[in-house]
$ cat my_file-v5.pdb   # PDB, C-alpha atoms, pLDDT in the B column
MODEL        1
ATOM      1  CA  MET A   1       0.000   0.000   0.000  1.00 51.00           C
ATOM      2  CA  ARG A   2       1.270   3.446  -0.861  1.00 54.00           C
ATOM      3  CA  PHE A   3       0.709   6.081   1.799  1.00 57.00           C
ATOM      4  CA  ASN A   4       2.172   9.056  -0.043  1.00 57.00           C
ATOM      5  CA  PRO A   5       3.646   9.944  -3.468  1.00 58.00           C
ATOM      6  CA  TYR A   6       7.175   9.114  -2.291  1.00 57.00           C
ATOM      7  CA  ASP A   7       6.524   5.449  -1.434  1.00 62.00           C
ATOM      8  CA  GLU A   8       7.957   2.963  -3.938  1.00 66.00           C
ATOM      9  CA  VAL A   9       8.872   5.505  -6.630  1.00 70.00           C
ATOM     10  CA  ALA A  10      11.351   4.244  -9.231  1.00 72.00           C
ATOM     11  CA  VAL A  11      13.618   6.686 -11.055  1.00 74.00           C
ATOM     12  CA  GLN A  12      15.688   5.574 -14.051  1.00 77.00           C
ATOM     13  CA  ALA A  13      18.111   8.068 -15.568  1.00 77.00           C
ATOM     14  CA  VAL A  14      18.125   7.965 -19.362  1.00 77.00           C
ATOM     15  CA  THR A  15      21.750   7.615 -20.378  1.00 74.00           C
ATOM     16  CA  ALA A  16      23.997   7.333 -23.396  1.00 75.00           C
ATOM     17  CA  SER A  17      26.879   5.001 -22.551  1.00 69.00           C
ATOM     18  CA  SER A  18      26.449   5.538 -18.778  1.00 69.00           C
ATOM     19  CA  ILE A  19      26.315   9.349 -19.020  1.00 77.00           C
ATOM     20  CA  ALA A  20      23.048  10.931 -17.871  1.00 83.00           C
ATOM     21  CA  VAL A  21      23.816  14.555 -18.837  1.00 90.00           C
ATOM     22  CA  GLN A  22      24.474  15.124 -22.530  1.00 90.00           C
ATOM     23  CA  SER A  23      26.086  18.134 -24.194  1.00 91.00           C
ATOM     24  CA  LEU A  24      24.318  18.632 -27.522  1.00 93.00           C
ATOM     25  CA  THR A  25      26.137  20.434 -30.334  1.00 93.00           C
ATOM     26  CA  GLY A  26      25.563  20.689 -34.071  1.00 91.00           C
ATOM     27  CA  SER A  27      22.236  19.459 -35.421  1.00 92.00           C
ATOM     28  CA  SER A  28      22.507  15.669 -35.292  1.00 92.00           C
ATOM     29  CA  ALA A  29      20.093  13.600 -33.238  1.00 93.00           C
ATOM     30  CA  VAL A  30      21.503  11.978 -30.085  1.00 93.00           C
ATOM     31  CA  ASN A  31      20.006   8.589 -29.238  1.00 93.00           C
ATOM     32  CA  GLN A  32      19.911   7.621 -25.591  1.00 92.00           C
ATOM     33  CA  ASP A  33      20.377   3.988 -24.578  1.00 91.00           C
ATOM     34  CA  GLY A  34      17.293   1.789 -24.614  1.00 90.00           C
ATOM     35  CA  VAL A  35      15.598   0.985 -21.289  1.00 87.00           C
ATOM     36  CA  ASP A  36      14.048  -2.471 -20.908  1.00 84.00           C
ATOM     37  CA  THR A  37      10.701  -1.847 -19.196  1.00 81.00           C
ATOM     38  CA  ALA A  38      10.093  -5.573 -18.576  1.00 76.00           C
ATOM     39  CA  GLN A  39      13.468  -6.458 -17.038  1.00 67.00           C
ATOM     40  CA  GLY A  40      14.931  -3.112 -15.943  1.00 57.00           C
ATOM     41  CA  ALA A  41      16.303  -2.901 -12.400  1.00 53.00           C
ATOM     42  CA  LEU A  42      14.089   0.081 -11.579  1.00 56.00           C
ATOM     43  CA  LEU A  43      11.384   0.081 -14.235  1.00 59.00           C
ATOM     44  CA  GLY A  44      10.557  -3.611 -14.471  1.00 60.00           C
ATOM     45  CA  GLY A  45       6.908  -3.936 -13.593  1.00 67.00           C
ATOM     46  CA  VAL A  46       5.676  -0.337 -13.833  1.00 73.00           C
ATOM     47  CA  GLU A  47       2.339   0.199 -15.565  1.00 74.00           C
ATOM     48  CA  SER A  48       2.774   3.900 -16.326  1.00 80.00           C
ATOM     49  CA  LEU A  49       5.562   6.401 -16.030  1.00 85.00           C
ATOM     50  CA  MET A  50       6.446  10.037 -16.439  1.00 90.00           C
ATOM     51  CA  VAL A  51       9.202  11.210 -18.746  1.00 93.00           C
ATOM     52  CA  HIS A  52      11.081  14.225 -17.354  1.00 94.00           C
ATOM     53  CA  ILE A  53      13.443  16.185 -19.615  1.00 96.00           C
ATOM     54  CA  ARG A  54      15.617  19.082 -18.404  1.00 96.00           C
ATOM     55  CA  ALA A  55      17.416  21.341 -20.901  1.00 96.00           C
ATOM     56  CA  GLU A  56      19.705  24.146 -19.733  1.00 95.00           C
ATOM     57  CA  ILE A  57      20.259  27.560 -21.349  1.00 95.00           C
ATOM     58  CA  ALA A  58      22.330  27.236 -24.508  1.00 94.00           C
ATOM     59  CA  SER A  59      25.958  28.327 -24.295  1.00 94.00           C
ATOM     60  CA  GLY A  60      27.891  30.014 -27.103  1.00 93.00           C
ATOM     61  CA  SER A  61      25.468  32.945 -27.631  1.00 93.00           C
ATOM     62  CA  PRO A  62      23.312  31.570 -30.479  1.00 95.00           C
ATOM     63  CA  SER A  63      20.473  33.814 -31.686  1.00 95.00           C
ATOM     64  CA  THR A  64      18.080  30.834 -31.440  1.00 95.00           C
ATOM     65  CA  ALA A  65      18.466  27.525 -29.620  1.00 95.00           C
ATOM     66  CA  THR A  66      15.984  24.671 -29.297  1.00 96.00           C
ATOM     67  CA  VAL A  67      16.125  21.002 -28.477  1.00 97.00           C
ATOM     68  CA  ALA A  68      13.428  18.597 -29.641  1.00 97.00           C
ATOM     69  CA  TRP A  69      12.975  15.380 -27.708  1.00 97.00           C
ATOM     70  CA  ALA A  70      11.033  12.330 -28.803  1.00 97.00           C
ATOM     71  CA  LEU A  71      10.147   9.050 -27.112  1.00 96.00           C
ATOM     72  CA  GLN A  72      10.839   5.973 -29.231  1.00 95.00           C
ATOM     73  CA  GLU A  73      10.002   2.304 -28.698  1.00 91.00           C
ATOM     74  CA  SER A  74      11.122  -1.099 -29.956  1.00 90.00           C
ATOM     75  CA  ASN A  75      10.325  -4.733 -29.150  1.00 86.00           C
ATOM     76  CA  ASP A  76      13.996  -5.780 -29.012  1.00 88.00           C
ATOM     77  CA  ASN A  77      16.197  -2.680 -28.466  1.00 90.00           C
ATOM     78  CA  GLY A  78      16.432  -2.094 -32.211  1.00 90.00           C
ATOM     79  CA  SER A  79      17.961  -5.497 -33.097  1.00 91.00           C
ATOM     80  CA  THR A  80      15.322  -6.594 -35.608  1.00 91.00           C
ATOM     81  CA  ASP A  81      12.452  -4.251 -34.699  1.00 88.00           C
ATOM     82  CA  ALA A  82      13.630  -0.768 -35.677  1.00 93.00           C
ATOM     83  CA  TRP A  83      13.086   2.101 -33.229  1.00 95.00           C
ATOM     84  CA  ALA A  84       9.890   4.014 -34.016  1.00 92.00           C
ATOM     85  CA  ALA A  85       8.071   6.997 -32.559  1.00 93.00           C
ATOM     86  CA  ALA A  86       6.070   6.124 -29.464  1.00 90.00           C
ATOM     87  CA  VAL A  87       2.566   7.507 -29.914  1.00 86.00           C
ATOM     88  CA  ASP A  88      -0.304   8.149 -27.549  1.00 81.00           C
ATOM     89  CA  ASN A  89      -3.747   6.594 -28.035  1.00 75.00           C
ATOM     90  CA  SER A  90      -4.679   9.339 -30.521  1.00 79.00           C
ATOM     91  CA  GLY A  91      -1.670   8.538 -32.732  1.00 81.00           C
ATOM     92  CA  THR A  92       0.300  11.672 -31.718  1.00 88.00           C
ATOM     93  CA  ALA A  93       4.050  11.204 -31.235  1.00 92.00           C
ATOM     94  CA  ILE A  94       5.198  11.687 -27.640  1.00 93.00           C
ATOM     95  CA  GLY A  95       7.740  14.516 -27.383  1.00 96.00           C
ATOM     96  CA  ALA A  96       8.197  18.283 -27.451  1.00 97.00           C
ATOM     97  CA  THR A  97      10.429  21.111 -28.683  1.00 97.00           C
ATOM     98  CA  LEU A  98      12.020  23.248 -25.969  1.00 97.00           C
ATOM     99  CA  ASN A  99      13.214  26.830 -26.499  1.00 96.00           C
ATOM    100  CA  VAL A 100      16.401  27.180 -24.448  1.00 95.00           C
ATOM    101  CA  HIS A 101      17.746  30.417 -25.895  1.00 92.00           C
ATOM    102  CA  THR A 102      17.297  32.480 -22.717  1.00 92.00           C
ATOM    103  CA  VAL A 103      15.939  30.126 -20.043  1.00 94.00           C
ATOM    104  CA  ALA A 104      16.322  26.517 -18.889  1.00 95.00           C
ATOM    105  CA  VAL A 105      13.233  24.388 -19.529  1.00 96.00           C
ATOM    106  CA  ASP A 106      11.661  21.256 -18.034  1.00 96.00           C
ATOM    107  CA  SER A 107       9.311  19.061 -20.035  1.00 96.00           C
ATOM    108  CA  TYR A 108       7.083  16.240 -18.809  1.00 95.00           C
ATOM    109  CA  ALA A 109       5.019  13.562 -20.515  1.00 93.00           C
ATOM    110  CA  ARG A 110       2.804  10.864 -19.050  1.00 89.00           C
ATOM    111  CA  VAL A 111       3.258   7.448 -20.686  1.00 87.00           C
ATOM    112  CA  GLU A 112       0.631   4.752 -20.159  1.00 82.00           C
ATOM    113  CA  GLY A 113       0.380   1.064 -21.071  1.00 78.00           C
ATOM    114  CA  ILE A 114       3.931   0.087 -20.111  1.00 78.00           C
ATOM    115  CA  MET A 115       3.203  -3.582 -19.397  1.00 66.00           C
ATOM    116  CA  LEU A 116       0.620  -4.069 -22.155  1.00 69.00           C
ATOM    117  CA  SER A 117       1.749  -6.301 -24.993  1.00 58.00           C
ATOM    118  CA  ASN A 118       2.496  -4.288 -28.133  1.00 56.00           C
ATOM    119  CA  GLN A 119       3.850  -6.441 -30.932  1.00 56.00           C
ATOM    120  CA  ASN A 120       2.163  -4.591 -33.783  1.00 56.00           C
ATOM    121  CA  ALA A 121       3.422  -1.150 -34.784  1.00 51.00           C
ATOM    122  CA  ALA A 122       0.277  -0.352 -36.791  1.00 54.00           C
ATOM    123  CA  ALA A 123      -2.382   2.143 -35.703  1.00 50.00           C
ATOM    124  CA  PRO A 124      -2.399   2.863 -31.961  1.00 50.00           C
ATOM    125  CA  LYS A 125      -4.311   0.305 -29.946  1.00 55.00           C
ATOM    126  CA  GLY A 126      -2.843   0.960 -26.512  1.00 58.00           C
ATOM    127  CA  GLY A 127       0.246  -0.440 -24.921  1.00 71.00           C
ATOM    128  CA  ARG A 128       3.947   0.090 -25.333  1.00 81.00           C
ATOM    129  CA  LYS A 129       6.680  -1.947 -26.855  1.00 84.00           C
ATOM    130  CA  ARG A 130       9.179  -3.428 -24.384  1.00 83.00           C
ATOM    131  CA  TRP A 131      12.082  -1.001 -24.944  1.00 88.00           C
ATOM    132  CA  LEU A 132      11.934   2.812 -24.622  1.00 91.00           C
ATOM    133  CA  ARG A 133      14.509   5.502 -25.361  1.00 93.00           C
ATOM    134  CA  ILE A 134      14.663   9.262 -25.751  1.00 95.00           C
ATOM    135  CA  VAL A 135      16.157  11.008 -28.775  1.00 96.00           C
ATOM    136  CA  TYR A 136      17.325  14.636 -28.572  1.00 96.00           C
ATOM    137  CA  THR A 137      17.776  16.879 -31.634  1.00 96.00           C
ATOM    138  CA  PRO A 138      19.355  20.344 -31.112  1.00 96.00           C
ATOM    139  CA  THR A 139      18.896  23.317 -33.457  1.00 96.00           C
ATOM    140  CA  PHE A 140      21.010  26.484 -33.316  1.00 95.00           C
ATOM    141  CA  THR A 141      21.237  29.704 -35.295  1.00 94.00           C
ATOM    142  CA  GLY A 142      24.569  31.512 -35.064  1.00 92.00           C
ATOM    143  CA  GLY A 143      26.737  31.679 -31.985  1.00 89.00           C
ATOM    144  CA  SER A 144      30.245  30.507 -31.221  1.00 92.00           C
ATOM    145  CA  SER A 145      30.280  26.723 -30.712  1.00 92.00           C
ATOM    146  CA  PRO A 146      26.787  26.639 -29.143  1.00 94.00           C
ATOM    147  CA  ALA A 147      25.808  23.720 -26.908  1.00 94.00           C
ATOM    148  CA  ILE A 148      22.885  22.625 -24.744  1.00 95.00           C
ATOM    149  CA  LEU A 149      23.131  20.443 -21.635  1.00 95.00           C
ATOM    150  CA  VAL A 150      20.174  18.054 -21.441  1.00 96.00           C
ATOM    151  CA  SER A 151      19.156  15.149 -19.219  1.00 94.00           C
ATOM    152  CA  GLY A 152      16.168  12.839 -19.066  1.00 93.00           C
ATOM    153  CA  GLU A 153      14.661  10.332 -16.693  1.00 92.00           C
ATOM    154  CA  PHE A 154      11.785   7.889 -16.425  1.00 89.00           C
ATOM    155  CA  ILE A 155       9.818   8.117 -13.161  1.00 87.00           C
ATOM    156  CA  GLY A 156       7.240   5.488 -12.227  1.00 81.00           C
ATOM    157  CA  ALA A 157       5.731   3.428  -9.450  1.00 71.00           C
ATOM    158  CA  PRO A 158       5.726  -0.374  -9.443  1.00 68.00           C
ATOM    159  CA  GLY A 159       2.577  -1.970 -10.815  1.00 65.00           C
ATOM    160  CA  ASN A 160       0.112  -3.797  -8.633  1.00 59.00           C
ATOM    161  CA  GLY A 161       0.550  -7.137 -10.430  1.00 55.00           C
ATOM    162  CA  MET A 162      -2.864  -7.248 -12.052  1.00 55.00           C
ATOM    163  CA  GLN A 163      -3.316  -9.084 -15.344  1.00 53.00           C
ATOM    164  CA  LEU A 164      -3.409  -6.593 -18.203  1.00 53.00           C
ATOM    165  CA  PRO A 165      -5.040  -7.100 -21.615  1.00 52.00           C
ATOM    166  CA  ILE A 166      -3.061  -8.003 -24.689  1.00 52.00           C
ATOM    167  CA  ARG A 167      -2.792  -5.376 -27.425  1.00 50.00           C
ATOM    168  CA  SER A 168      -5.069  -6.265 -30.327  1.00 49.00           C
ATOM    169  CA  ALA A 169      -7.045  -4.711 -33.166  1.00 49.00           C
ATOM    170  CA  THR A 170     -10.287  -5.374 -31.294  1.00 48.00           C
ATOM    171  CA  SER A 171     -11.528  -3.555 -28.218  1.00 45.00           C
ATOM    172  CA  ASN A 172     -10.357  -4.857 -24.832  1.00 43.00           C
ATOM    173  CA  THR A 173     -13.486  -3.513 -23.131  1.00 39.00           C
TER     174      THR A 173
ENDMDL
END

$ encode --input "my_file-v5.pdb" --output "structure tokens"
Amino acid sequence: MRFNPYDEVAVQAVTASSIAVQSLTGSSAVNQDGVDTAQGALLGGVESLMVHIRAEIASGSPSTATVAWALQESNDNGSTDAWAAAVDNSGTAIGATLNVHTVAVDSYARVEGIMLSNQNAAAPKGGRKRWLRIVYTPTFTGGSSPAILVSGEFIGAPGNGMQLPIRSATSNT
């Protein structure tokens, strides 16, 4: 039983090769490492989670600076099932673009259906694929070697162990 919001909260830093804080430069996308939501030390067994992204003010005096983040999913960490945009139940990709030209920005997204089976990447039917990752894409105009420090984390509470429906093309209700 949870008595307050701080009981049994799992936090998993989203890293790239063990580094949680990334320095983004140029305009190339930076892929974070995949997190196994079924076997992960902290996230194994959560039913929903919150994605928290923190981007600091850009250095190097660019005239514009943004970082777009996107949640991606895969059944097998990209081995045979390529990473694809994680979408909500309306088919909208989960992510945001943050303006970090003059102020640091936090971004949050609620992600449901973590332990629902999702083997089909077709139209949204609920549920998530087993592996999740965050991809950051910086954009700069001008400046002298501009960069943005960014970090992300998954925050969730362990599930209650109930049997969840299997993702299918037909209604689960």

$ resolve_selection --input "my_file-v5.pdb" --expression "the PyMOL selection byres ((chain A and resi 55) around 7)" --output "MDAnalysis selection string"
chainID A and resid 53:54 56:57 100 104:106 148:151

$ atom_distance --input "my_file-v5.pdb" --atom1 "CA of Ala147 in chain A" --atom2 "CA of Tyr108 in chain A"
21.7 Å

$ axis_aligned_box --input "my_file-v5.pdb" --around "range 74-89 of chain A" --padding-each-side "4 Å" --output "lines of an AutoDock Vina configuration file"
center_x = 7.1
center_y = 0.8
center_z = -31.6
size_x = 29.7
size_y = 22.7
size_z = 16.1

$ closest_residue --input "my_file-v5.pdb" --among "A:Ile155, A:Ala58, A:Ala84, A:Ala20" --to "Thr139 in chain A" --atoms "all atoms listed in the file"
A:Ala58

$ closest_residue --input "my_file-v5.pdb" --among "A:Thr15, A:Ser27, A:Thr37, A:Thr97" --to "Thr66 in chain A" --atoms "all atoms listed in the file"
A:Thr97

$ closest_residue --input "my_file-v5.pdb" --among "A:Met50, A:Ala16, A:Ala29, A:Leu98" --to "Thr137 in chain A" --atoms "all atoms listed in the file"
A:Ala29

$ closest_residue --input "my_file-v5.pdb" --among "A:Gly60, A:Ala85, A:Ser48, A:Ser23" --to "Thr141 in chain A" --atoms "all atoms listed in the file"
A:Gly60

$ residues_around --input "my_file-v5.pdb" --residues "range 88-96 of chain A" --least-positions-apart "4" --cutoff "12 Å" --atoms "all atoms listed in the file" --output "JSON, numbers by chain"
{"A": [50, 51, 52, 53, 54, 55, 66, 67, 68, 69, 70, 71, 72, 73, 84, 105, 106, 107, 108, 109, 110, 111, 112, 113, 114, 121, 122, 123, 124, 125, 126, 127, 128, 132, 133, 134, 135, 136, 137, 138, 152]}

$ resolve_selection --input "my_file-v5.pdb" --expression "the PyMOL selection byres ((chain A and resi 62) around 9)" --output "list in words"
Ala58, Ser59, Gly60, Ser61, Ser63, Thr64, Ala65, His101, Phe140, Thr141, Gly142, Gly143, Ser144, Ser145, Pro146 and Ala147 of chain A

$ atom_distance --input "my_file-v5.pdb" --atom1 "CA of Asp81 in chain A" --atom2 "CA of Lys129 in chain A"
10.0 Å

$ atom_distance --input "my_file-v5.pdb" --atom1 "CA of Val103 in chain A" --atom2 "CA of Asn31 in chain A"
23.8 Å

$ closest_residue --input "my_file-v5.pdb" --among "A:Ile19, A:Ala38, A:Ala157, A:Leu49" --to "Asp76 in chain A" --atoms "only C-alpha atoms"
A:Ala38
